[in-house]
file final_30.cif (mmCIF, C-alpha atoms)
data_input
#
loop_
_atom_site.label_atom_id
_atom_site.label_comp_id
_atom_site.auth_asym_id
_atom_site.auth_seq_id
_atom_site.Cartn_x
_atom_site.Cartn_y
_atom_site.Cartn_z
CA MET A 1 336.30 -40.27 153.29
CA SER A 2 334.80 -43.22 155.12
CA ASP A 3 332.69 -45.79 153.30
CA ILE A 4 329.96 -45.89 155.97
CA ALA A 5 328.52 -43.47 158.51
CA LEU A 6 326.51 -45.10 161.27
CA ILE A 7 324.34 -42.55 163.02
CA GLY A 8 324.21 -43.43 166.69
CA GLU A 9 326.26 -44.91 169.47
CA ARG A 10 329.49 -46.75 168.83
CA THR A 11 328.99 -50.48 169.29
CA PHE A 12 331.46 -53.31 169.13
CA LEU A 13 329.11 -55.46 167.05
CA TYR A 14 328.83 -52.96 164.18
CA GLU A 15 332.52 -52.17 164.49
CA LYS A 16 333.40 -55.86 164.14
CA LEU A 17 331.05 -56.28 161.16
CA PHE A 18 332.58 -53.33 159.32
CA GLN A 19 336.15 -54.35 160.15
CA ASP A 20 335.55 -57.92 158.98
CA LEU A 21 334.42 -56.50 155.64
CA GLY A 22 337.43 -54.21 155.37
CA THR A 23 335.25 -51.12 155.03
CA THR A 24 336.06 -47.77 156.51
CA PHE A 25 333.44 -46.42 158.88
CA GLN A 26 332.65 -43.62 161.27
CA PHE A 27 330.16 -43.51 164.11
CA LEU A 28 328.34 -40.16 164.10
CA GLN A 29 326.66 -38.82 167.21
CA PRO A 30 323.39 -37.07 166.28
CA GLY A 31 324.77 -33.76 167.54
CA VAL A 32 327.42 -33.58 164.80
CA LEU A 33 324.96 -34.03 161.94
CA GLY A 34 324.88 -30.97 159.77
CA SER A 35 328.50 -30.06 160.44
CA PRO A 36 330.17 -28.74 157.30
CA PHE A 37 333.33 -30.60 158.36
CA LEU A 38 331.91 -34.08 157.87
CA PRO A 39 333.50 -36.00 154.99
CA SER A 40 331.65 -37.72 152.18
CA TYR A 41 330.25 -41.21 152.72
CA ARG A 42 328.98 -43.87 150.36
CA MET A 43 326.43 -45.30 152.78
CA VAL A 44 324.64 -43.93 155.82
CA MET A 45 323.10 -46.47 158.19
CA ILE A 46 320.50 -45.63 160.83
CA PRO A 47 320.08 -48.54 163.27
CA THR A 48 316.95 -49.82 164.99
CA GLY A 49 315.43 -47.63 167.69
CA PHE A 50 316.38 -44.24 166.23
CA ALA A 51 312.97 -42.69 167.10
CA ASN A 52 312.62 -44.18 170.58
CA PRO A 53 314.08 -41.83 173.22
CA GLN A 54 314.77 -44.84 175.47
CA TYR A 55 317.35 -46.05 172.94
CA SER A 56 318.47 -43.04 170.96
CA ARG A 57 318.50 -39.27 170.58
CA THR A 58 318.72 -39.47 166.81
CA LEU A 59 315.22 -38.50 165.61
CA PRO A 60 315.42 -34.71 166.28
CA ALA A 61 318.72 -34.58 164.38
CA LEU A 62 317.23 -36.50 161.44
CA GLN A 63 314.23 -34.17 161.34
CA SER A 64 316.49 -31.11 161.18
CA MET A 65 318.63 -32.79 158.48
CA LYS A 66 315.82 -33.59 156.02
CA SER A 67 317.30 -31.59 153.14
CA ASN A 68 320.83 -32.93 153.80
CA ILE A 69 319.52 -36.51 153.80
CA ALA A 70 317.70 -35.90 150.52
CA GLY A 71 320.84 -34.34 149.03
CA PHE A 72 323.01 -37.25 150.15
CA VAL A 73 320.79 -39.80 148.44
CA LYS A 74 320.14 -37.64 145.38
CA LYS A 75 323.91 -37.38 144.75
CA GLY A 76 324.40 -41.15 144.86
CA GLY A 77 324.56 -42.22 148.50
CA VAL A 78 322.77 -45.26 149.87
CA LEU A 79 320.67 -44.65 152.97
CA THR A 80 319.84 -47.77 155.00
CA VAL A 81 317.32 -47.29 157.79
CA PHE A 82 315.96 -49.80 160.26
CA GLY A 83 312.81 -49.69 162.41
CA PRO A 84 312.20 -46.76 164.79
CA MET A 85 310.89 -48.98 167.66
CA VAL A 86 307.90 -46.79 168.50
CA PRO A 87 304.22 -47.77 168.04
CA GLU A 88 303.90 -45.83 164.75
CA HIS A 89 306.21 -43.55 162.80
CA ASP A 90 305.99 -41.39 159.70
CA TYR A 91 309.44 -41.01 158.18
CA GLU A 92 308.75 -37.32 157.52
CA TRP A 93 312.49 -36.67 157.40
CA LEU A 94 312.85 -38.85 154.28
CA PRO A 95 312.32 -37.32 150.83
CA LEU A 96 309.66 -39.98 150.00
CA PRO A 97 306.59 -41.06 152.01
CA LEU A 98 306.97 -44.06 154.31
CA LYS A 99 305.19 -45.24 157.47
CA TYR A 100 305.98 -47.85 160.10
CA VAL A 101 303.82 -49.84 162.49
CA CYS A 102 305.45 -51.73 165.38
CA GLU A 103 304.60 -55.41 165.73
CA LEU A 104 307.35 -57.63 167.11
CA GLY A 105 307.72 -61.19 165.89
CA THR A 106 309.43 -63.75 163.72
CA GLN A 107 308.30 -63.51 160.11
CA ASN A 108 308.42 -65.84 157.13
CA VAL A 109 309.53 -64.08 153.97
CA ALA A 110 309.70 -65.37 150.43
CA PRO A 111 312.98 -64.95 148.53
CA SER A 112 313.36 -61.99 146.20
CA LEU A 113 315.57 -61.40 143.19
CA GLU A 114 316.11 -57.75 144.18
CA GLY A 115 319.73 -57.18 145.21
CA CYS A 116 318.99 -55.47 148.50
CA SER A 117 317.15 -58.56 149.75
CA CYS A 118 320.57 -59.92 150.72
CA LEU A 119 320.16 -57.73 153.83
CA LEU A 120 318.58 -60.79 155.48
CA CYS A 121 320.61 -63.77 156.63
CA THR A 122 317.52 -65.98 156.95
CA SER A 123 314.04 -66.49 155.51
CA THR A 124 312.61 -66.24 159.05
CA PRO A 125 313.93 -62.91 160.35
CA GLU A 126 312.93 -61.20 163.56
CA CYS A 127 311.02 -58.05 162.66
CA ASP A 128 309.92 -55.20 164.87
CA GLY A 129 307.05 -54.16 162.60
CA TYR A 130 306.03 -53.56 159.03
CA LEU A 131 306.19 -50.72 156.52
CA LEU A 132 303.53 -48.87 154.54
CA SER A 133 305.38 -47.42 151.59
CA GLY A 134 304.25 -44.45 149.58
CA GLU A 135 305.00 -43.29 146.06
CA GLY A 136 308.53 -44.06 144.93
CA PHE A 137 309.11 -47.14 147.09
CA GLU A 138 308.90 -50.70 145.85
CA THR A 139 308.25 -53.58 148.20
CA VAL A 140 311.13 -56.05 148.14
CA LEU A 141 310.12 -58.49 150.91
CA LYS A 142 306.75 -59.15 152.56
CA ASP A 143 305.79 -61.05 155.68
CA ALA A 144 303.28 -63.94 155.59
CA LYS A 145 300.42 -61.41 155.89
CA GLY A 146 301.57 -59.56 152.77
CA ARG A 147 302.98 -56.55 154.66
CA ALA A 148 306.27 -54.98 153.61
CA VAL A 149 309.32 -55.65 155.78
CA LEU A 150 311.91 -54.42 153.25
CA VAL A 151 311.38 -51.60 150.76
CA MET A 152 313.64 -49.72 148.38
CA ALA A 153 313.41 -46.48 146.44
CA LYS A 154 315.61 -44.84 143.86
CA PHE A 155 315.95 -41.15 144.55
CA GLY A 156 318.16 -39.15 142.23
CA GLU A 157 321.39 -41.12 141.76
CA GLY A 158 321.08 -43.00 145.08
CA LEU A 159 318.93 -45.44 147.00
CA ILE A 160 316.85 -45.53 150.16
CA VAL A 161 316.54 -48.99 151.71
CA ALA A 162 314.20 -49.27 154.70
CA THR A 163 313.46 -52.34 156.74
CA SER A 164 311.72 -53.50 159.88
CA VAL A 165 314.06 -56.47 160.17
CA HIS A 166 315.35 -56.41 163.73
CA GLU A 167 318.76 -57.96 163.02
CA PHE A 168 322.17 -56.80 161.87
CA PRO A 169 322.46 -56.51 158.10
CA ALA A 170 324.21 -59.36 156.33
CA ALA A 171 327.75 -58.72 155.14
CA GLU A 172 326.53 -59.36 151.57
CA TYR A 173 324.15 -56.42 151.88
CA ILE A 174 326.87 -54.02 152.93
CA LYS A 175 328.99 -55.12 149.97
CA TRP A 176 325.99 -54.74 147.65
CA ALA A 177 325.15 -51.26 148.97
CA LEU A 178 328.72 -50.01 148.73
CA GLU A 179 328.94 -51.23 145.13
CA LYS A 180 325.80 -49.25 144.26
CA ALA A 181 326.84 -46.09 146.12
CA ARG A 182 328.80 -43.01 145.17
CA PRO A 183 330.47 -40.71 147.68
CA ALA A 184 328.20 -37.86 148.78
CA LYS A 185 328.08 -35.28 151.56
CA LEU A 186 325.54 -35.63 154.31
#

call {"tool": "encode", "arguments": {"input": "final_30.cif", "output": "structure tokens"}}
result
Amino acid sequence: MSDIALIGERTFLYEKLFQDLGTTFQFLQPGVLGSPFLPSYRMVMIPTGFANPQYSRTLPALQSMKSNIAGFVKKGGVLTVFGPMVPEHDYEWLPLPLKYVCELGTQNVAPSLEGCSCLLCTSTPECDGYLLSGEGFETVLKDAKGRAVLVMAKFGEGLIVATSVHEFPAAEYIKWALEKARPAKL
């Protein structure tokens, strides 16, 4: 079992981040999603640009894996998803309603006591948009206009953390998420 599955291309920057933390990780190409031979993971991370065909071929795989994604979170996994980098996106492949609107820029965010807010390394993160969360999500961080840039939802025994922050997650966040997570199959 690996601690983290990153859905997408292998990158040195994520690899270095995970290695520095001493976590085990696996990069998963979208084509292998749904394989019964995948091990359990504690966290699944979906990086920025997953819905934009210029950057990634991940979205069709996520759409076909909707029930697996719901099962992973329900059984205790932590799903961390970044912005899709398209003008608008409905996360129809998530088990709870969430929408995204692209709007690039530096944002000012107020501190939050919620644990997942440690995802940010700064109070002025670069964001690629904002989120419109539906039932089940709570807004953790807002931009200066009051729009959500980090939301979280409990689903079953696990968590869904979604953000439009256009930066790598802080090491503290990965530690926090792995502490909250339980191994689950994707």

call {"tool": "resolve_selection", "arguments": {"input": "final_30.cif", "expression": "the PyMOL selection byres ((chain A and resi 153-169) around 8)", "output": "PyMOL selection string"}}
result
chain A and resi 48+72-83+116+119-121+125-131+136-138+149-152+170-171+173-174+180-182

call {"tool": "residues_around", "arguments": {"input": "final_30.cif", "residues": "A:Leu33", "least_positions_apart": "5", "cutoff": "8 Å", "atoms": "all atoms listed in the file", "output": "PyMOL selection string"}}
result
chain A and resi 28+61+65+186

call {"tool": "resolve_selection", "arguments": {"input": "final_30.cif", "expression": "the PyMOL selection byres ((chain A and resi 108) around 12)", "output": "list in words"}}
result
Gly105, Thr106, Gln107, Val109, Ala110, Pro111, Leu120, Thr122, Ser123, Thr124, Pro125, Glu126, Cys127, Leu141, Lys142, Asp143, Ala144, Lys145, Gly146, Arg147, Ala148, Val149 and Val165 of chain A

call {"tool": "write_last_selection", "arguments": {"input": "final_30.cif", "atoms": "C-alpha atoms", "output": "tab-separated table (two decimals), in the frame of the given file"}}
result
chain	number	residue	atom	x	y	z
A	105	GLY	CA	307.72	-61.19	165.89
A	106	THR	CA	309.43	-63.75	163.72
A	107	GLN	CA	308.30	-63.51	160.11
A	109	VAL	CA	309.53	-64.08	153.97
A	110	ALA	CA	309.70	-65.37	150.43
A	111	PRO	CA	312.98	-64.95	148.53
A	120	LEU	CA	318.58	-60.79	155.48
A	122	THR	CA	317.52	-65.98	156.95
A	123	SER	CA	314.04	-66.49	155.51
A	124	THR	CA	312.61	-66.24	159.05
A	125	PRO	CA	313.93	-62.91	160.35
A	126	GLU	CA	312.93	-61.20	163.56
A	127	CYS	CA	311.02	-58.05	162.66
A	141	LEU	CA	310.12	-58.49	150.91
A	142	LYS	CA	306.75	-59.15	152.56
A	143	ASP	CA	305.79	-61.05	155.68
A	144	ALA	CA	303.28	-63.94	155.59
A	145	LYS	CA	300.42	-61.41	155.89
A	146	GLY	CA	301.57	-59.56	152.77
A	147	ARG	CA	302.98	-56.55	154.66
A	148	ALA	CA	306.27	-54.98	153.61
A	149	VAL	CA	309.32	-55.65	155.78
A	165	VAL	CA	314.06	-56.47	160.17

call {"tool": "residues_around", "arguments": {"input": "final_30.cif", "residues": "A:Gly8", "least_positions_apart": "5", "cutoff": "8 Å", "atoms": "all atoms listed in the file", "output": "list in words"}}
result
Phe27, Leu28, Gln29, Pro30, Ile46, Pro47, Phe50, Ser56 and Thr58 of chain A

call {"tool": "write_last_selection", "arguments": {"input": "final_30.cif", "atoms": "C-alpha atoms", "output": "compact mmCIF listing (two decimals), in the coordinates of the input"}}
result
# COMPACT_ATOMS: atom_id res chain seq x y z
CA PHE A 27 330.16 -43.51 164.11
CA LEU A 28 328.34 -40.16 164.10
CA GLN A 29 326.66 -38.82 167.21
CA PRO A 30 323.39 -37.07 166.28
CA ILE A 46 320.50 -45.63 160.83
CA PRO A 47 320.08 -48.54 163.27
CA PHE A 50 316.38 -44.24 166.23
CA SER A 56 318.47 -43.04 170.96
CA THR A 58 318.72 -39.47 166.81

call {"tool": "atom_distance", "arguments": {"input": "final_30.cif", "atom1": "atom CA of A:Pro95", "atom2": "atom CA of A:Gln26"}}
result
23.7 Å

call {"tool": "atom_distance", "arguments": {"input": "final_30.cif", "atom1": "atom CA of A:Cys102", "atom2": "atom CA of A:Lys175"}}
result
28.3 Å

call {"tool": "closest_residue", "arguments": {"input": "final_30.cif", "among": "A:Ser133, A:Ser2, A:Thr23, A:Ser67", "to": "A:Leu96", "atoms": "all atoms listed in the file"}}
result
A:Ser133

call {"tool": "closest_residue", "arguments": {"input": "final_30.cif", "among": "A:Cys118, A:Met45, A:Leu59, A:Ala177", "to": "A:Val140", "atoms": "all atoms listed in the file"}}
result
A:Cys118

call {"tool": "atom_distance", "arguments": {"input": "final_30.cif", "atom1": "atom CA of A:His89", "atom2": "atom CA of A:Gly49"}}
result
11.2 Å

call {"tool": "axis_aligned_box", "arguments": {"input": "final_30.cif", "around": "stretch 127-137 of chain A", "padding_each_side": "5 Å", "output": "AutoDock Vina command-line options"}}
result
--center_x 307.3 --center_y -50.7 --center_z 154.9 --size_x 17.5 --size_y 24.8 --size_z 29.9

call {"tool": "resolve_selection", "arguments": {"input": "final_30.cif", "expression": "the PyMOL selection byres ((chain A and resi 185) around 10)", "output": "PyMOL selection string"}}
result
chain A and resi 1+34+36-42+68-69+71-73+75-77+183-184+186

call {"tool": "closest_residue", "arguments": {"input": "final_30.cif", "among": "A:Glu172, A:Lys66, A:Met85, A:Pro60", "to": "A:Gly31", "atoms": "all atoms listed in the file"}}
result
A:Pro60

call {"tool": "closest_residue", "arguments": {"input": "final_30.cif", "among": "A:Tyr100, A:Phe25, A:Tyr91, A:Tyr55", "to": "A:Glu9", "atoms": "all atoms listed in the file"}}
result
A:Tyr55

call {"tool": "build_atoms", "arguments": {"input": "final_30.cif", "residues": "stretch 149-183 of chain A", "atoms": "N, CA and C atoms", "output": "mmCIF file, in the coordinates of the input"}}
result
data_model
loop_
_atom_site.group_PDB
_atom_site.id
_atom_site.type_symbol
_atom_site.label_atom_id
_atom_site.label_comp_id
_atom_site.auth_asym_id
_atom_site.auth_seq_id
_atom_site.Cartn_x
_atom_site.Cartn_y
_atom_site.Cartn_z
ATOM 1 N N VAL A 149 308.299 -55.691 154.739
ATOM 2 C CA VAL A 149 309.320 -55.650 155.780
ATOM 3 C C VAL A 149 310.650 -55.148 155.221
ATOM 4 N N LEU A 150 310.744 -54.989 153.900
ATOM 5 C CA LEU A 150 311.910 -54.420 153.250
ATOM 6 C C LEU A 150 311.440 -53.698 151.994
ATOM 7 N N VAL A 151 311.755 -52.404 151.911
ATOM 8 C CA VAL A 151 311.380 -51.600 150.760
ATOM 9 C C VAL A 151 312.606 -50.854 150.250
ATOM 10 N N MET A 152 312.533 -50.447 148.988
ATOM 11 C CA MET A 152 313.640 -49.720 148.380
ATOM 12 C C MET A 152 313.084 -48.657 147.443
ATOM 13 N N ALA A 153 313.789 -47.538 147.371
ATOM 14 C CA ALA A 153 313.410 -46.480 146.440
ATOM 15 C C ALA A 153 314.658 -45.881 145.809
ATOM 16 N N LYS A 154 314.571 -45.627 144.528
ATOM 17 C CA LYS A 154 315.610 -44.840 143.860
ATOM 18 C C LYS A 154 315.219 -43.388 144.040
ATOM 19 N N PHE A 155 316.190 -42.588 144.390
ATOM 20 C CA PHE A 155 315.950 -41.150 144.550
ATOM 21 C C PHE A 155 317.176 -40.453 143.999
ATOM 22 N N GLY A 156 317.009 -39.751 142.895
ATOM 23 C CA GLY A 156 318.160 -39.150 142.230
ATOM 24 C C GLY A 156 319.099 -40.258 141.777
ATOM 25 N N GLU A 157 320.368 -40.132 142.133
ATOM 26 C CA GLU A 157 321.390 -41.120 141.760
ATOM 27 C C GLU A 157 321.571 -42.201 142.833
ATOM 28 N N GLY A 158 320.863 -42.071 143.967
ATOM 29 C CA GLY A 158 321.080 -43.000 145.080
ATOM 30 C C GLY A 158 319.878 -43.852 145.412
ATOM 31 N N LEU A 159 319.962 -44.514 146.561
ATOM 32 C CA LEU A 159 318.930 -45.440 147.000
ATOM 33 C C LEU A 159 318.581 -45.219 148.468
ATOM 34 N N ILE A 160 317.308 -45.466 148.776
ATOM 35 C CA ILE A 160 316.850 -45.530 150.160
ATOM 36 C C ILE A 160 316.376 -46.965 150.362
ATOM 37 N N VAL A 161 316.952 -47.639 151.346
ATOM 38 C CA VAL A 161 316.540 -48.990 151.710
ATOM 39 C C VAL A 161 316.051 -48.918 153.148
ATOM 40 N N ALA A 162 314.792 -49.298 153.356
ATOM 41 C CA ALA A 162 314.200 -49.270 154.700
ATOM 42 C C ALA A 162 313.698 -50.649 155.052
ATOM 43 N N THR A 163 313.878 -51.014 156.307
ATOM 44 C CA THR A 163 313.460 -52.340 156.740
ATOM 45 C C THR A 163 312.984 -52.325 158.182
ATOM 46 N N SER A 164 312.126 -53.282 158.495
ATOM 47 C CA SER A 164 311.720 -53.500 159.880
ATOM 48 C C SER A 164 312.363 -54.761 160.433
ATOM 49 N N VAL A 165 313.313 -55.315 159.698
ATOM 50 C CA VAL A 165 314.060 -56.470 160.170
ATOM 51 C C VAL A 165 314.877 -56.036 161.377
ATOM 52 N N HIS A 166 314.753 -56.786 162.448
ATOM 53 C CA HIS A 166 315.350 -56.410 163.730
ATOM 54 C C HIS A 166 316.632 -57.225 163.966
ATOM 55 N N GLU A 167 317.509 -57.216 162.971
ATOM 56 C CA GLU A 167 318.760 -57.960 163.020
ATOM 57 C C GLU A 167 319.832 -57.134 162.328
ATOM 58 N N PHE A 168 321.091 -57.472 162.572
ATOM 59 C CA PHE A 168 322.170 -56.800 161.870
ATOM 60 C C PHE A 168 322.078 -57.135 160.390
ATOM 61 N N PRO A 169 322.481 -56.206 159.536
ATOM 62 C CA PRO A 169 322.460 -56.510 158.100
ATOM 63 C C PRO A 169 323.520 -57.561 157.777
ATOM 64 N N ALA A 170 323.246 -58.370 156.789
ATOM 65 C CA ALA A 170 324.210 -59.360 156.330
ATOM 66 C C ALA A 170 325.390 -58.655 155.669
ATOM 67 N N ALA A 171 326.552 -59.271 155.768
ATOM 68 C CA ALA A 171 327.750 -58.720 155.140
ATOM 69 C C ALA A 171 327.540 -58.538 153.635
ATOM 70 N N GLU A 172 326.808 -59.466 153.011
ATOM 71 C CA GLU A 172 326.530 -59.360 151.570
ATOM 72 C C GLU A 172 325.788 -58.077 151.240
ATOM 73 N N TYR A 173 324.888 -57.662 152.124
ATOM 74 C CA TYR A 173 324.150 -56.420 151.880
ATOM 75 C C TYR A 173 325.086 -55.217 151.889
ATOM 76 N N ILE A 174 325.959 -55.164 152.857
ATOM 77 C CA ILE A 174 326.870 -54.020 152.930
ATOM 78 C C ILE A 174 327.729 -53.950 151.681
ATOM 79 N N LYS A 175 328.225 -55.093 151.224
ATOM 80 C CA LYS A 175 328.990 -55.120 149.970
ATOM 81 C C LYS A 175 328.136 -54.635 148.811
ATOM 82 N N TRP A 176 326.902 -55.127 148.725
ATOM 83 C CA TRP A 176 325.990 -54.740 147.650
ATOM 84 C C TRP A 176 325.753 -53.229 147.670
ATOM 85 N N ALA A 177 325.449 -52.692 148.850
ATOM 86 C CA ALA A 177 325.150 -51.260 148.970
ATOM 87 C C ALA A 177 326.355 -50.411 148.600
ATOM 88 N N LEU A 178 327.525 -50.796 149.046
ATOM 89 C CA LEU A 178 328.720 -50.010 148.730
ATOM 90 C C LEU A 178 329.051 -50.055 147.244
ATOM 91 N N GLU A 179 328.740 -51.160 146.583
ATOM 92 C CA GLU A 179 328.940 -51.230 145.130
ATOM 93 C C GLU A 179 328.006 -50.288 144.389
ATOM 94 N N LYS A 180 326.801 -50.100 144.906
ATOM 95 C CA LYS A 180 325.800 -49.250 144.260
ATOM 96 C C LYS A 180 326.041 -47.758 144.534
ATOM 97 N N ALA A 181 326.744 -47.467 145.617
ATOM 98 C CA ALA A 181 326.840 -46.090 146.120
ATOM 99 C C ALA A 181 327.957 -45.286 145.484
ATOM 100 N N ARG A 182 327.759 -43.972 145.523
ATOM 101 C CA ARG A 182 328.800 -43.010 145.170
ATOM 102 C C ARG A 182 329.013 -42.092 146.361
ATOM 103 N N PRO A 183 330.218 -41.611 146.554
ATOM 104 C CA PRO A 183 330.470 -40.710 147.680
ATOM 105 C C PRO A 183 329.602 -39.446 147.593
#
